[in-house]
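*Asks:* This structure is in structure tokens; I'll ask about it shortly.
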Amino acid sequence: MLYRAKLHAPMTLTNTECEVYKRQMIIDRWGTEVQERLKQSTVFVAGAGGLGSPASIYLAVAGVGHLSVCDFDSPEWSNLNRQILHDASRIGMNKALSAKKTLERLNTYIQVTALSTRIEPDSVDRLVGDAQIILDCMDNYDTRYVLNACALRKRIPLLHGSIRGWEGRLAFLQPPDTPCLRCIVPEAPPREVFPVVGATPGVIGTLQAVEALKYLAGIPTPLKGRLLVWDGEAMETKTFDLKHDPHCVDCARIALDAPSSRTGSRVR
């Protein structure tokens, strides 16, 4: 089911919005132009759970004008140690709808579309729509691969996040400049109920928001084509260069020599 956002607001900033965002607007290379660009942007957030919660919250309060949040599931008690979009009063409510309620309360100047459906191969392109970037906040690789293929077709970045226990991983993927997700994880690992400390997806989801904001603002990211691994127990961060798989079943099938239809410095 689709819970539509309210009608699009004017793309210029109001005086109140300038007050809300003024501390970020004084950052170098930001200012009014970038803030208005954010207001015109659409981000697709796949999953309103542990990663999707902090990612969408920080995108919302930063002033990204339209968030499409997709999740077919409902909050359970075991989710509440990390899924901060929801609380005990939302048990049994659809997560995407719960996310919409929280995000639009945090920032009344943005629009949120709640997509309470599964992400499937035959629906993903329609669900993602005209988003400039996809945030992979999922907990299973079957759906991640569907998102990966969609990002390839639409020529938009996939910002991949994953967590387990005290460890989190983050990668900014934008073929042909970088490998795709299937290049670096060719086969889905077995599904499991994995351990997680709530602060771990808090860190990685927040970093997803940072990377998405930089992309939309046209600020280059050194993470492009690299994997960041954050070890919360040891409090260490490492990054690794990622390599293309010439036999990748996803990106090897797609003509990647065409220019990207959208970049961080060109947002519709």
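By convention here, the chains of the structure tokens are called A, B, ... in the order presented, each chain's residues are numbered starting at 1, and ligands are numbered starting at 1 in the order presented.
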Quick one: DSSP strand (DSSP E) residues in range 5-225 of chain A, as a PyMOL selection string?
*Replies:* chain A and resi 42-46+66-70+111-115+133-136+158-164+167-173
*Asks:* Set out as CSV a contact list for range 173-241 of chain A and range 132-145 of chain A with a cut-off of 10 Å, giving each residue of range 173-241 of chain A that qualifies its closest atom pair and distance in Å to one decimal, counting only C-alpha atoms, ordered by chain and rising residue number.
*Replies:*
```
residue,atom,partner,partner_atom,distance
A:Gln174,CA,A:Ile133,CA,9.7
A:Cys180,CA,A:Tyr145,CA,9.6
A:Leu181,CA,A:Tyr145,CA,7.3
A:Arg182,CA,A:Tyr145,CA,6.9
A:Val185,CA,A:Tyr141,CA,8.8
A:Pro186,CA,A:Tyr145,CA,9.5
A:Glu187,CA,A:Tyr141,CA,8.2
A:Ala188,CA,A:Tyr141,CA,5.3
A:Pro189,CA,A:Tyr141,CA,7.4
A:Pro190,CA,A:Asn140,CA,8.9
A:Arg191,CA,A:Asn140,CA,6.9
A:Glu192,CA,A:Asn140,CA,9.1
A:Val193,CA,A:Asp139,CA,9.8
A:Phe194,CA,A:Asp139,CA,9.6
A:Pro201,CA,A:Cys137,CA,9.4
A:Ile204,CA,A:Cys137,CA,9.6
A:Gly205,CA,A:Cys137,CA,7.7
A:Gln208,CA,A:Leu135,CA,7.3
A:Ala209,CA,A:Leu135,CA,8.7
A:Glu211,CA,A:Leu135,CA,10.0
A:Ala212,CA,A:Ile133,CA,7.4
A:Tyr215,CA,A:Ile133,CA,8.5
A:Leu216,CA,A:Gln132,CA,7.8
```
*Asks:* Would you write out those residues with C-alpha atoms, as a CSV table (one decimal), in the first residue's frame?
*Replies:*
```csv
chain,number,residue,atom,x,y,z
A,174,GLN,CA,28.1,3.7,-8.3
A,180,CYS,CA,28.3,-3.2,-7.7
A,181,LEU,CA,27.0,-5.0,-4.7
A,182,ARG,CA,27.0,-8.3,-6.5
A,185,VAL,CA,29.0,-10.3,-2.3
A,186,PRO,CA,28.4,-12.7,-5.2
A,187,GLU,CA,26.1,-15.0,-3.2
A,188,ALA,CA,23.7,-14.3,-0.4
A,189,PRO,CA,24.8,-15.7,3.0
A,190,PRO,CA,22.3,-17.8,4.9
A,191,ARG,CA,19.5,-15.9,6.6
A,192,GLU,CA,19.8,-15.9,10.4
A,193,VAL,CA,18.7,-14.0,13.5
A,194,PHE,CA,22.0,-12.1,14.2
A,201,PRO,CA,23.2,0.5,13.3
A,204,ILE,CA,26.3,3.0,10.3
A,205,GLY,CA,22.8,4.5,9.6
A,208,GLN,CA,24.7,6.5,5.4
A,209,ALA,CA,23.0,9.8,6.0
A,211,GLU,CA,27.3,10.0,2.6
A,212,ALA,CA,23.9,10.6,1.0
A,215,TYR,CA,26.3,13.1,-2.7
A,216,LEU,CA,23.2,15.3,-3.0
```
*Asks:* CA of Val203 in chain A to CA of Gly47 in chain A: how many Å, to one decimal?
*Replies:*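 Calculated distance between CA of Val203 in chain A and CA of Gly47 in chain A is 16.0 Å.
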*Asks:* With only C-alpha atoms as the basis for distance, which of A:Ser74, A:Asn107, A:Thr113, A:Thr221 is at the shortest distance from Val20 in chain A?
*Replies:* A:Asn107
*Asks:* Could you list, as a ChimeraX atom specification, every residue within 9 Å of Met93 in chain A, counting only C-alpha atoms and ignoring same-chain residues fewer than 5 positions away?
*Replies:* /A:73-75,98
*Asks:* Those same residues, written as a short mmCIF file (atom, residue, chain, number, x, y, z; two decimals), in the first residue's frame with C-alpha atoms?
*Replies:*
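As a result, part_9.cif now contains:
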```cif
data_model
loop_
_atom_site.label_atom_id
_atom_site.label_comp_id
_atom_site.auth_asym_id
_atom_site.auth_seq_id
_atom_site.Cartn_x
_atom_site.Cartn_y
_atom_site.Cartn_z
CA ASP A 73 6.91 -5.28 8.21
CA SER A 74 5.60 -4.10 11.60
CA PRO A 75 7.58 -3.22 14.76
CA SER A 98 5.23 4.64 11.50
#
```
*Asks:* Nearest to Gly129 in chain A: which of A:Val43, A:Cys18, A:Met235, A:Val197 is it, counting only C-alpha atoms?
*Replies:* A:Val43
*Asks:* Give me, as a PDB file with C-alpha atoms, in the first residue's frame, all polymer residues having an atom no more than 10 Å from Thr102 in chain A, counting only C-alpha atoms and skipping those fewer than 2 positions away in the same chain.
*Replies:*
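So result-v9.pdb came out as:
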```pdb
ATOM      1  CA  SER A  53      15.812   4.704  11.381  1.00  0.00           C
ATOM      2  CA  ILE A  57      15.935  10.758  10.707  1.00  0.00           C
ATOM      3  CA  ALA A  60      14.796  14.455   7.372  1.00  0.00           C
ATOM      4  CA  ILE A  84      14.279   4.444  16.842  1.00  0.00           C
ATOM      5  CA  LEU A  85      11.622   5.487  14.335  1.00  0.00           C
ATOM      6  CA  HIS A  86       9.199   3.400  16.394  1.00  0.00           C
ATOM      7  CA  ALA A  96       6.792   2.636   6.724  1.00  0.00           C
ATOM      8  CA  LEU A  97       3.674   4.354   8.045  1.00  0.00           C
ATOM      9  CA  SER A  98       5.232   4.638  11.502  1.00  0.00           C
ATOM     10  CA  ALA A  99       8.326   6.165   9.901  1.00  0.00           C
ATOM     11  CA  LYS A 100       6.200   8.707   8.038  1.00  0.00           C
ATOM     12  CA  GLU A 104       6.973  14.425   9.396  1.00  0.00           C
ATOM     13  CA  ARG A 105       6.722  15.298  13.088  1.00  0.00           C
ATOM     14  CA  LEU A 106      10.478  15.955  13.220  1.00  0.00           C
ATOM     15  CA  ASN A 107      10.404  18.188  10.147  1.00  0.00           C
ATOM     16  CA  VAL A 112       7.449  11.408   3.242  1.00  0.00           C
TER      17      VAL A 112
END
```
*Asks:* Just the alpha helix (DSSP H) stuff from range 29-249 of chain A, please, per backbone DSSP, written as a count of residues only.
*Replies:* 74
*Asks:* Would you kindly return, as an NGL selection string, each protein, DNA or RNA residue with an atom no farther than 9 Å from any atom of Asp71 in chain A, considering only C-alpha atoms and excluding same-chain residues fewer than 2 positions away?
*Replies:* :A and (45-49 or 69 or 73-74 or 94-97 or 114-119)
*Asks:* Could you check which of A:Leu159, A:Leu147, A:Leu103, A:Leu173 is closest to Pro121 in chain A, using only C-alpha atoms?
*Replies:*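 The shortest atom-to-atom distance to Pro121 in chain A comes from A:Leu147.
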*Asks:* Between CA of Glu19 in chain A and CA of Thr108 in chain A, what is the distance, to one decimal in Å?
*Replies:* 13.7 Å
*Asks:* What separation in Å, quoted to one decimal, exists between CA of Gln24 in chain A and CA of Leu170 in chain A?
*Replies:*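 Between these atoms lies a distance of 23.4 Å.
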*Asks:* Select, from A:Pro54, A:Lys101, A:Cys183, A:His66, the residue with the minimum atom-to-atom distance to Val210 in chain A, counting only C-alpha atoms.
*Replies:* A:Pro54
*Asks:* Which of these, A:Leu80, A:Leu213, A:Leu38, A:Ile156, has the shortest distance to Tyr58 in chain A once you count only C-alpha atoms?
*Replies:*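 Nearest candidate to Tyr58 in chain A out of A:Leu80, A:Leu213, A:Leu38, A:Ile156: A:Leu213.
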*Asks:* Residues at most 12 Å from Lys39 in chain A, counting only C-alpha atoms, excluding those fewer than 3 positions away in the same chain, as number ranges by chain?
*Replies:* A: 8-14, 17-18, 21, 32-36, 42-43, 59-67, 107, 109-111, 213, 216-217, 267-268
